[in-house]
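A.B. asks: Questions regarding the structure given below will be posed in turn.
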Amino acid sequence: MNERILLSLAHMGGSEREWVEEAFRTNWIVPLGPNVDEFEHRLENYLGAPNVVALSAGTAAIHLGLVMLGVKAGDEVICQSFTFSASANPICYQGAKPIFVDSEKKTWNMDADVLEEAIIARKKVTGKYPKAIIPVYLYGMPAEIDKIISVTDRYNIPVLEDAAEALGSEYRGKMCGTYGRYGALSFNGNKIITTSGGGALICPDEESAKRVKFYATQARENRPYYYHEHIGYNYRMSNVSAGIGCGQMDVIKDHVARRRQIHDLYRKQLADIPFLTVHDNPTVDFDSNFWLTTILLSDESTVTADELRLALEAENIESRLLWRPMHMQPIYADAPYYGGNVAEDLFNRGLCLPSGSSLTDSQIGRVCEVIRKSLMK
Ligand SMILES: *Cc1c(COP(=O)(O)O)cnc(C)c1O
């Protein structure tokens, strides 16, 4: 049997161990500590954004973003339907109601026209505007964020970007996650960089970053005894995890470059296969990190996405169907949905290919061969 090729593996650069050992040597085995500060500085430098708070997960970052935007029970929040459940679940943690909108075909991300339609429709239904908007950068692809923000500005609704998959992606030369009022990042095991589990929230100013840290450490008021005026959370990143993050920041540029190179290899090697397209940057404004390279099969293909997945699996290659949209999930069966069938159609025809930055050219070649054999038989 050929060696297993996985979708996206943690990829250590080498220096991570030293940072973690330093945490042990100094006994900083707690949330907070010098590695957390250093990791935040490194992220800030990389992103060109000054107020980044390291947290225990990307999901925690989205949740605290909503807390900071004052989302409460009775509010509505509009979220891209075509995404992972962690984009939307924090809306429910706040007792608020998720409203889902469809994607557009170029980026697979939030359709700004449908967004505006949904904003207007919700105002008619509830008498008030949604409290926040959550666009997502799926598989690293930048959304049409300028268009989205020009809509949300018209109604004065803040944007919380779910950039969990998009660390290193740029739209018009500016990092994804730095466009909205808040931006959420994830360092889960299979993302662009990992801290074994972690996330960060990109904040608009120092004051709000301080407030995020306050909420992330149980919302303790500044008194000699424990005193609470707000509900807090235990969401801060640990000093050990942040050590891994510091080491990962040494290699992030190389890892993003390698993901883009892998996308390029797929694009070239799959170019002549009929009924298959590799999802690509629509124009020069978009510069995806290509966290995962994704393909679409056209209606003419006699092989379905799931059949292709099984053919790859038979050759010991892991691939994955696209995210099943939230409006098609049992947990959100009752949530209002605006738009057509773009996300649903993509879900039916798409597949994520192995894209980890540690994959070799010959492994990518093996994946392409199996795809070729399956689709051209
Ligand atoms: C990974 C991911 C998250 C959640 O991040 P965690 O660090 O796993 O909590 C949120 N949204 C999207 C789109 C993701 O891919």
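Ligands are numbered from 1 in the order shown, chains are lettered A, B, ... in the order of the structure tokens, and residues start at 1 in each chain.
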Using only C-alpha atoms and all ligand atoms, which protein or nucleic acid residues are at most 8 Å from ligand 1, as a PDB file with N, CA, C and O atoms, in the first residue's frame?
C.D. replies:
```pdb
ATOM      1  N   SER A  56      -7.762  30.809  23.067  1.00  0.00           N
ATOM      2  CA  SER A  56      -7.665  29.346  23.127  1.00  0.00           C
ATOM      3  C   SER A  56      -8.157  28.659  21.859  1.00  0.00           C
ATOM      4  O   SER A  56      -7.873  27.492  21.641  1.00  0.00           O
ATOM      5  N   ALA A  57      -8.922  29.368  21.024  1.00  0.00           N
ATOM      6  CA  ALA A  57      -9.449  28.761  19.791  1.00  0.00           C
ATOM      7  C   ALA A  57      -9.988  29.849  18.866  1.00  0.00           C
ATOM      8  O   ALA A  57     -10.312  30.960  19.321  1.00  0.00           O
ATOM      9  N   GLY A  58     -10.098  29.505  17.607  1.00  0.00           N
ATOM     10  CA  GLY A  58     -10.740  30.405  16.651  1.00  0.00           C
ATOM     11  C   GLY A  58     -12.206  30.616  17.013  1.00  0.00           C
ATOM     12  O   GLY A  58     -12.745  31.721  16.878  1.00  0.00           O
ATOM     13  N   THR A  59     -12.842  29.563  17.483  1.00  0.00           N
ATOM     14  CA  THR A  59     -14.249  29.658  17.895  1.00  0.00           C
ATOM     15  C   THR A  59     -14.396  30.665  19.043  1.00  0.00           C
ATOM     16  O   THR A  59     -15.340  31.462  19.052  1.00  0.00           O
ATOM     17  N   ALA A  60     -13.449  30.633  19.982  1.00  0.00           N
ATOM     18  CA  ALA A  60     -13.463  31.588  21.101  1.00  0.00           C
ATOM     19  C   ALA A  60     -13.291  33.013  20.571  1.00  0.00           C
ATOM     20  O   ALA A  60     -13.898  33.963  21.089  1.00  0.00           O
ATOM     21  N   ALA A  61     -12.461  33.171  19.532  1.00  0.00           N
ATOM     22  CA  ALA A  61     -12.235  34.502  18.953  1.00  0.00           C
ATOM     23  C   ALA A  61     -13.529  35.040  18.344  1.00  0.00           C
ATOM     24  O   ALA A  61     -13.883  36.211  18.540  1.00  0.00           O
ATOM     25  N   ILE A  62     -14.245  34.197  17.616  1.00  0.00           N
ATOM     26  CA  ILE A  62     -15.517  34.633  17.018  1.00  0.00           C
ATOM     27  C   ILE A  62     -16.515  34.975  18.130  1.00  0.00           C
ATOM     28  O   ILE A  62     -17.198  36.000  18.084  1.00  0.00           O
ATOM     29  N   THR A  83     -19.965  27.521   5.094  1.00  0.00           N
ATOM     30  CA  THR A  83     -18.855  27.592   6.048  1.00  0.00           C
ATOM     31  C   THR A  83     -18.904  26.411   7.009  1.00  0.00           C
ATOM     32  O   THR A  83     -19.799  25.570   6.947  1.00  0.00           O
ATOM     33  N   PHE A  84     -17.924  26.387   7.896  1.00  0.00           N
ATOM     34  CA  PHE A  84     -17.853  25.433   9.002  1.00  0.00           C
ATOM     35  C   PHE A  84     -18.773  25.939  10.118  1.00  0.00           C
ATOM     36  O   PHE A  84     -18.913  27.152  10.299  1.00  0.00           O
ATOM     37  N   SER A  85     -19.348  25.024  10.887  1.00  0.00           N
ATOM     38  CA  SER A  85     -20.330  25.410  11.911  1.00  0.00           C
ATOM     39  C   SER A  85     -19.777  26.386  12.946  1.00  0.00           C
ATOM     40  O   SER A  85     -20.533  27.157  13.546  1.00  0.00           O
ATOM     41  N   ALA A  86     -18.442  26.384  13.141  1.00  0.00           N
ATOM     42  CA  ALA A  86     -17.847  27.263  14.160  1.00  0.00           C
ATOM     43  C   ALA A  86     -17.993  28.745  13.810  1.00  0.00           C
ATOM     44  O   ALA A  86     -17.846  29.601  14.676  1.00  0.00           O
ATOM     45  N   SER A  87     -18.278  29.077  12.543  1.00  0.00           N
ATOM     46  CA  SER A  87     -18.544  30.484  12.188  1.00  0.00           C
ATOM     47  C   SER A  87     -19.847  30.952  12.829  1.00  0.00           C
ATOM     48  O   SER A  87     -19.963  32.114  13.218  1.00  0.00           O
ATOM     49  N   VAL A 136     -16.930  34.986   5.612  1.00  0.00           N
ATOM     50  CA  VAL A 136     -15.907  33.963   5.832  1.00  0.00           C
ATOM     51  C   VAL A 136     -14.992  33.918   4.613  1.00  0.00           C
ATOM     52  O   VAL A 136     -15.436  34.204   3.487  1.00  0.00           O
ATOM     53  N   TYR A 137     -13.713  33.586   4.844  1.00  0.00           N
ATOM     54  CA  TYR A 137     -12.757  33.431   3.736  1.00  0.00           C
ATOM     55  C   TYR A 137     -12.516  31.936   3.542  1.00  0.00           C
ATOM     56  O   TYR A 137     -11.547  31.374   4.068  1.00  0.00           O
ATOM     57  N   LEU A 138     -13.402  31.319   2.777  1.00  0.00           N
ATOM     58  CA  LEU A 138     -13.411  29.862   2.687  1.00  0.00           C
ATOM     59  C   LEU A 138     -12.200  29.321   1.954  1.00  0.00           C
ATOM     60  O   LEU A 138     -11.891  29.758   0.852  1.00  0.00           O
ATOM     61  N   TYR A 139     -11.549  28.342   2.573  1.00  0.00           N
ATOM     62  CA  TYR A 139     -10.352  27.693   2.025  1.00  0.00           C
ATOM     63  C   TYR A 139      -9.234  28.700   1.775  1.00  0.00           C
ATOM     64  O   TYR A 139      -8.311  28.437   1.011  1.00  0.00           O
ATOM     65  N   ASP A 162     -14.486  36.152   9.662  1.00  0.00           N
ATOM     66  CA  ASP A 162     -13.991  34.830  10.040  1.00  0.00           C
ATOM     67  C   ASP A 162     -12.848  34.496   9.077  1.00  0.00           C
ATOM     68  O   ASP A 162     -13.064  33.989   7.977  1.00  0.00           O
ATOM     69  N   ALA A 163     -11.632  34.842   9.515  1.00  0.00           N
ATOM     70  CA  ALA A 163     -10.433  34.603   8.703  1.00  0.00           C
ATOM     71  C   ALA A 163      -9.681  33.366   9.209  1.00  0.00           C
ATOM     72  O   ALA A 163      -8.471  33.254   9.020  1.00  0.00           O
ATOM     73  N   ALA A 164     -10.425  32.440   9.826  1.00  0.00           N
ATOM     74  CA  ALA A 164      -9.806  31.245  10.425  1.00  0.00           C
ATOM     75  C   ALA A 164      -8.959  30.467   9.416  1.00  0.00           C
ATOM     76  O   ALA A 164      -7.951  29.871   9.768  1.00  0.00           O
ATOM     77  N   GLU A 165      -9.393  30.464   8.152  1.00  0.00           N
ATOM     78  CA  GLU A 165      -8.682  29.684   7.127  1.00  0.00           C
ATOM     79  C   GLU A 165      -7.777  30.566   6.277  1.00  0.00           C
ATOM     80  O   GLU A 165      -7.152  30.076   5.337  1.00  0.00           O
ATOM     81  N   ALA A 184     -11.189  37.198  13.132  1.00  0.00           N
ATOM     82  CA  ALA A 184     -10.860  35.990  13.904  1.00  0.00           C
ATOM     83  C   ALA A 184      -9.927  35.081  13.114  1.00  0.00           C
ATOM     84  O   ALA A 184     -10.116  34.871  11.915  1.00  0.00           O
ATOM     85  N   LEU A 185      -8.912  34.555  13.815  1.00  0.00           N
ATOM     86  CA  LEU A 185      -7.954  33.612  13.217  1.00  0.00           C
ATOM     87  C   LEU A 185      -8.004  32.293  13.990  1.00  0.00           C
ATOM     88  O   LEU A 185      -8.367  32.289  15.168  1.00  0.00           O
ATOM     89  N   SER A 186      -7.618  31.208  13.332  1.00  0.00           N
ATOM     90  CA  SER A 186      -7.528  29.908  14.015  1.00  0.00           C
ATOM     91  C   SER A 186      -6.141  29.310  13.832  1.00  0.00           C
ATOM     92  O   SER A 186      -5.544  29.408  12.755  1.00  0.00           O
ATOM     93  N   PHE A 187      -5.646  28.689  14.904  1.00  0.00           N
ATOM     94  CA  PHE A 187      -4.372  27.944  14.834  1.00  0.00           C
ATOM     95  C   PHE A 187      -4.625  26.495  15.223  1.00  0.00           C
ATOM     96  O   PHE A 187      -3.849  25.874  15.946  1.00  0.00           O
ATOM     97  N   ASN A 188      -5.735  25.971  14.770  1.00  0.00           N
ATOM     98  CA  ASN A 188      -6.044  24.561  14.986  1.00  0.00           C
ATOM     99  C   ASN A 188      -5.026  23.700  14.229  1.00  0.00           C
ATOM    100  O   ASN A 188      -4.294  24.201  13.383  1.00  0.00           O
ATOM    101  N   LYS A 191      -4.679  24.045  10.301  1.00  0.00           N
ATOM    102  CA  LYS A 191      -4.720  25.362   9.658  1.00  0.00           C
ATOM    103  C   LYS A 191      -3.321  25.764   9.165  1.00  0.00           C
ATOM    104  O   LYS A 191      -2.378  24.995   9.248  1.00  0.00           O
ATOM    105  N   GLY A 197      -3.779  24.047  19.063  1.00  0.00           N
ATOM    106  CA  GLY A 197      -5.160  24.472  19.255  1.00  0.00           C
ATOM    107  C   GLY A 197      -5.075  25.897  19.730  1.00  0.00           C
ATOM    108  O   GLY A 197      -4.346  26.187  20.683  1.00  0.00           O
ATOM    109  N   GLY A 198      -5.753  26.806  19.056  1.00  0.00           N
ATOM    110  CA  GLY A 198      -5.673  28.212  19.468  1.00  0.00           C
ATOM    111  C   GLY A 198      -6.318  29.100  18.438  1.00  0.00           C
ATOM    112  O   GLY A 198      -6.736  28.651  17.374  1.00  0.00           O
ATOM    113  N   GLY A 199      -6.389  30.381  18.786  1.00  0.00           N
ATOM    114  CA  GLY A 199      -6.971  31.352  17.876  1.00  0.00           C
ATOM    115  C   GLY A 199      -6.527  32.740  18.270  1.00  0.00           C
ATOM    116  O   GLY A 199      -5.755  32.907  19.226  1.00  0.00           O
TER     117      GLY A 199
END
```
A.B. asks: Give me the residues near range 45-54 of chain A as a compact mmCIF listing (two decimals) with all heavy atoms, in the first residue's frame, where near means some atom within 7 Å (using only C-alpha atoms) and where sequence neighbours in that chain fewer than 5 positions away do not count.
C.D. replies:
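And here's out_35.txt as it stands now:
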```
# COMPACT_ATOMS: atom_id res chain seq x y z
N VAL A 36 3.18 34.30 25.06
CA VAL A 36 1.91 34.84 24.55
C VAL A 36 2.14 36.25 24.02
O VAL A 36 1.71 36.59 22.91
CB VAL A 36 0.82 34.84 25.66
CG1 VAL A 36 -0.47 35.47 25.14
CG2 VAL A 36 0.55 33.42 26.15
N GLU A 40 1.85 37.32 20.04
CA GLU A 40 0.98 38.42 19.60
C GLU A 40 1.78 39.45 18.80
O GLU A 40 1.33 39.92 17.74
CB GLU A 40 0.30 39.09 20.80
CG GLU A 40 -0.81 38.21 21.39
CD GLU A 40 -1.37 38.71 22.71
OE1 GLU A 40 -0.75 39.61 23.34
OE2 GLU A 40 -2.43 38.19 23.13
N MET A 175 -4.03 42.34 4.42
CA MET A 175 -4.30 41.03 4.99
C MET A 175 -5.78 40.82 5.33
O MET A 175 -6.42 41.68 5.94
CB MET A 175 -3.49 40.85 6.29
CG MET A 175 -2.01 40.69 6.06
SD MET A 175 -1.65 39.05 5.42
CE MET A 175 0.15 39.13 5.41
N THR A 178 -8.11 42.00 8.63
CA THR A 178 -7.83 43.38 9.08
C THR A 178 -8.79 44.37 8.43
O THR A 178 -8.59 45.58 8.52
CB THR A 178 -6.38 43.80 8.76
OG1 THR A 178 -6.22 43.85 7.34
CG2 THR A 178 -5.38 42.82 9.33
N GLY A 199 -6.39 30.38 18.79
CA GLY A 199 -6.97 31.35 17.88
C GLY A 199 -6.53 32.74 18.27
O GLY A 199 -5.76 32.91 19.23
N ALA A 200 -6.98 33.74 17.54
CA ALA A 200 -6.66 35.12 17.89
C ALA A 200 -7.76 36.02 17.38
O ALA A 200 -8.44 35.71 16.40
CB ALA A 200 -5.31 35.54 17.31
N LEU A 201 -7.91 37.15 18.07
CA LEU A 201 -8.87 38.16 17.62
C LEU A 201 -8.10 39.43 17.29
O LEU A 201 -7.34 39.95 18.12
CB LEU A 201 -9.92 38.42 18.71
CG LEU A 201 -11.12 39.27 18.27
CD1 LEU A 201 -11.91 38.60 17.15
CD2 LEU A 201 -12.04 39.55 19.46
N ILE A 202 -8.27 39.91 16.06
CA ILE A 202 -7.67 41.16 15.62
C ILE A 202 -8.66 42.27 16.00
O ILE A 202 -9.82 42.24 15.57
CB ILE A 202 -7.41 41.14 14.10
CG1 ILE A 202 -6.56 39.91 13.73
CG2 ILE A 202 -6.74 42.43 13.65
CD1 ILE A 202 -6.56 39.59 12.23
N CYS A 203 -8.18 43.21 16.82
CA CYS A 203 -9.08 44.23 17.40
C CYS A 203 -8.80 45.61 16.79
O CYS A 203 -7.70 45.87 16.32
CB CYS A 203 -8.88 44.30 18.91
SG CYS A 203 -9.15 42.73 19.72
N PRO A 204 -9.78 46.51 16.85
CA PRO A 204 -9.63 47.81 16.19
C PRO A 204 -8.70 48.79 16.93
O PRO A 204 -8.15 49.69 16.32
CB PRO A 204 -11.06 48.36 16.15
CG PRO A 204 -11.80 47.62 17.21
CD PRO A 204 -11.15 46.29 17.34
N ASP A 205 -8.54 48.64 18.24
CA ASP A 205 -7.69 49.59 18.99
C ASP A 205 -7.25 48.94 20.31
O ASP A 205 -7.72 47.86 20.68
CB ASP A 205 -8.45 50.89 19.26
CG ASP A 205 -9.83 50.62 19.80
OD1 ASP A 205 -9.95 49.82 20.76
OD2 ASP A 205 -10.82 51.17 19.27
N GLU A 206 -6.37 49.64 21.02
CA GLU A 206 -5.79 49.11 22.24
C GLU A 206 -6.85 48.89 23.32
O GLU A 206 -6.80 47.91 24.06
CB GLU A 206 -4.73 50.11 22.72
CG GLU A 206 -3.61 49.48 23.47
CD GLU A 206 -2.58 50.52 23.92
OE1 GLU A 206 -2.26 51.41 23.11
OE2 GLU A 206 -2.14 50.42 25.07
N ALA A 209 -8.76 45.76 22.63
CA ALA A 209 -7.90 44.59 22.86
C ALA A 209 -7.81 44.31 24.36
O ALA A 209 -7.86 43.15 24.81
CB ALA A 209 -6.52 44.82 22.27
N LYS A 213 -9.09 40.89 26.39
CA LYS A 213 -8.28 40.14 27.36
C LYS A 213 -9.03 40.00 28.70
O LYS A 213 -8.98 38.96 29.36
CB LYS A 213 -6.94 40.83 27.59
CG LYS A 213 -6.01 40.75 26.38
CD LYS A 213 -4.73 41.55 26.59
CE LYS A 213 -3.97 41.67 25.28
NZ LYS A 213 -2.83 42.61 25.37
N ARG A 236 -8.15 32.52 27.21
CA ARG A 236 -6.81 33.00 26.87
C ARG A 236 -5.95 31.83 26.40
O ARG A 236 -6.14 30.69 26.83
CB ARG A 236 -6.20 33.68 28.09
CG ARG A 236 -5.10 34.67 27.76
CD ARG A 236 -5.59 35.90 27.05
NE ARG A 236 -4.59 36.98 27.21
CZ ARG A 236 -3.87 37.47 26.22
NH1 ARG A 236 -4.04 37.06 24.98
NH2 ARG A 236 -2.98 38.43 26.45
N MET A 237 -4.98 32.12 25.54
CA MET A 237 -4.04 31.10 25.07
C MET A 237 -3.02 30.79 26.16
O MET A 237 -2.61 31.68 26.90
CB MET A 237 -3.32 31.59 23.81
CG MET A 237 -2.34 30.57 23.26
SD MET A 237 -1.58 31.11 21.73
CE MET A 237 -2.87 30.69 20.57
```
A.B. asks: Name the residues of range 45-260 of chain A that come out as helix (DSSP H, G or I) in a backbone DSSP run; write them as a PyMOL selection string.
C.D. replies: chain A and resi 45-47+58-68+85-87+89-93+112-126+138-140+145-154+206-216+239-260
A.B. asks: Which residue gives the smallest distance to Gly65 in chain A among A:Thr26, A:Gln80, A:Gln94, A:Gln363, with only C-alpha atoms counted?
C.D. replies: A:Gln94
A.B. asks: Which residues come within 10 Å of range 346-351 of chain A, counting only C-alpha atoms, excluding same-chain residues fewer than 5 positions away, as a ChimeraX atom specification?
C.D. replies: /A:82,103,105,108,276-279,292-299,301,303-306,308-309,319-325,341
A.B. asks: Nearest residue to Asn190 in chain A out of A:Ile91, A:Ala219, A:Leu6, A:Ile148, using only C-alpha atoms?
C.D. replies: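 Between A:Ile91, A:Ala219, A:Leu6, A:Ile148, the residue approaching Asn190 in chain A most closely is A:Leu6.
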A.B. asks: If DSSP is run on the backbone, what residues of range 136-307 of chain A are strand (DSSP E)? A reply as a list in words would be ideal.
C.D. replies: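 Listing strand (DSSP E) positions across range 136-307 of chain A yields Leu160, Glu161, Asp162, Glu170, Tyr171, Lys174, Met175, Tyr182, Gly183, Ala184, Leu185, Ser186, Gly199, Ala200, Leu201, Ile202, Leu276, Thr277, Val278, Phe286, Asp287, Thr293, Thr294, Ile295, Leu296 and Leu297 of chain A.
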A.B. asks: Figure out the distance between CA of Glu221 in chain A and CA of Ala96 in chain A, please, to one decimal in Å.
C.D. replies: 26.1 Å
A.B. asks: Can you work out the spacing between CA of Lys174 in chain A and CA of Ser288 in chain A in Å, to one decimal?
C.D. replies: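 Answer for the CA of Lys174 in chain A to CA of Ser288 in chain A separation: 11.6 Å.
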A.B. asks: Could you check how far CA of Pro224 in chain A sits from CA of Asn35 in chain A, in Å to one decimal?
C.D. replies: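 So the answer is 26.6 Å.
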A.B. asks: Which is closer to Ala88 in chain A than all the others in A:Ala311, A:Leu66, A:Met376, A:Val342, using only C-alpha atoms?
C.D. replies: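 Checking each of A:Ala311, A:Leu66, A:Met376, A:Val342 against Ala88 in chain A, counting only C-alpha atoms, the winner is A:Leu66.
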A.B. asks: Fewer than 5 positions away in the same chain doesn't count, so skip those; otherwise give me all residues within 6 Å of range 239-242 of chain A, counting only C-alpha atoms, as an mmCIF file with N, CA and C atoms, in the first residue's frame.
C.D. replies:
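Output contents, as saved in around-v7.cif:
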```
data_model
loop_
_atom_site.group_PDB
_atom_site.id
_atom_site.type_symbol
_atom_site.label_atom_id
_atom_site.label_comp_id
_atom_site.auth_asym_id
_atom_site.auth_seq_id
_atom_site.Cartn_x
_atom_site.Cartn_y
_atom_site.Cartn_z
ATOM 1 N N VAL A 20 8.926 26.169 23.654
ATOM 2 C CA VAL A 20 8.158 25.398 24.640
ATOM 3 C C VAL A 20 9.063 25.019 25.807
ATOM 4 N N VAL A 30 1.216 28.326 32.267
ATOM 5 C CA VAL A 30 -0.090 28.909 32.607
ATOM 6 C C VAL A 30 -0.600 29.697 31.406
ATOM 7 N N PRO A 31 -1.876 30.085 31.446
ATOM 8 C CA PRO A 31 -2.304 31.046 30.431
ATOM 9 C C PRO A 31 -1.529 32.337 30.678
ATOM 10 N N LEU A 32 -1.244 33.062 29.678
ATOM 11 C CA LEU A 32 -0.444 34.300 29.756
ATOM 12 C C LEU A 32 1.034 33.964 29.960
ATOM 13 N N GLY A 33 1.879 34.928 29.759
ATOM 14 C CA GLY A 33 3.310 34.713 29.893
ATOM 15 C C GLY A 33 4.032 35.290 28.697
ATOM 16 N N ASN A 35 5.704 34.064 26.171
ATOM 17 C CA ASN A 35 5.462 33.517 24.824
ATOM 18 C C ASN A 35 4.180 34.074 24.220
ATOM 19 N N VAL A 36 3.175 34.298 25.060
ATOM 20 C CA VAL A 36 1.905 34.839 24.554
ATOM 21 C C VAL A 36 2.138 36.250 24.023
ATOM 22 N N PHE A 39 4.180 35.984 20.779
ATOM 23 C CA PHE A 39 3.368 35.461 19.672
ATOM 24 C C PHE A 39 2.454 36.567 19.128
ATOM 25 N N THR A 195 -0.952 26.063 16.900
ATOM 26 C CA THR A 195 -0.411 26.121 18.263
ATOM 27 C C THR A 195 -0.906 24.874 19.002
#
```
A.B. asks: Could you list, as a CSV table (one decimal) with N, CA, C and O atoms, in the first residue's frame, every residue within 10 Å of Arg122 in chain A, counting only C-alpha atoms and ignoring same-chain residues fewer than 5 positions away?
C.D. replies:
```csv
chain,number,residue,atom,x,y,z
A,76,GLU,N,-30.1,39.7,15.9
A,76,GLU,CA,-29.9,38.8,14.8
A,76,GLU,C,-28.5,39.1,14.2
A,76,GLU,O,-28.0,40.2,14.3
A,78,ILE,N,-26.1,38.2,10.8
A,78,ILE,CA,-26.0,37.6,9.4
A,78,ILE,C,-24.7,36.9,9.2
A,78,ILE,O,-23.6,37.5,9.5
A,99,ILE,N,-28.8,34.4,10.8
A,99,ILE,CA,-29.5,34.5,9.5
A,99,ILE,C,-28.5,34.2,8.5
A,99,ILE,O,-27.4,34.8,8.5
A,116,GLU,N,-27.3,42.6,1.2
A,116,GLU,CA,-28.1,43.8,1.3
A,116,GLU,C,-29.6,43.4,1.3
A,116,GLU,O,-30.3,44.0,2.1
A,117,GLU,N,-29.9,42.5,0.5
A,117,GLU,CA,-31.3,42.0,0.5
A,117,GLU,C,-31.8,41.5,1.8
A,117,GLU,O,-32.8,41.8,2.3
A,127,GLY,N,-38.1,45.0,12.6
A,127,GLY,CA,-38.1,46.4,13.0
A,127,GLY,C,-36.7,47.0,13.3
A,127,GLY,O,-36.5,48.1,13.6
A,128,LYS,N,-35.7,46.1,13.3
A,128,LYS,CA,-34.3,46.6,13.5
A,128,LYS,C,-33.3,45.9,12.7
A,128,LYS,O,-33.6,44.8,12.1
A,129,TYR,N,-32.1,46.5,12.5
A,129,TYR,CA,-31.1,45.9,11.7
A,129,TYR,C,-30.4,44.8,12.4
A,129,TYR,O,-30.3,44.8,13.6
A,130,PRO,N,-29.8,43.8,11.7
A,130,PRO,CA,-28.9,42.8,12.3
A,130,PRO,C,-27.8,43.5,13.0
A,130,PRO,O,-27.4,44.6,12.7
A,336,PRO,N,-33.6,31.6,9.2
A,336,PRO,CA,-33.9,32.2,7.9
A,336,PRO,C,-32.7,32.1,7.0
A,336,PRO,O,-31.6,32.3,7.4
```
A.B. asks: Which is closer to Ala314 in chain A than all the others in A:Asp361, A:Val114, A:Val367, A:Val284, using only C-alpha atoms?
C.D. replies: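 The answer is A:Val367, which sits nearest to Ala314 in chain A.
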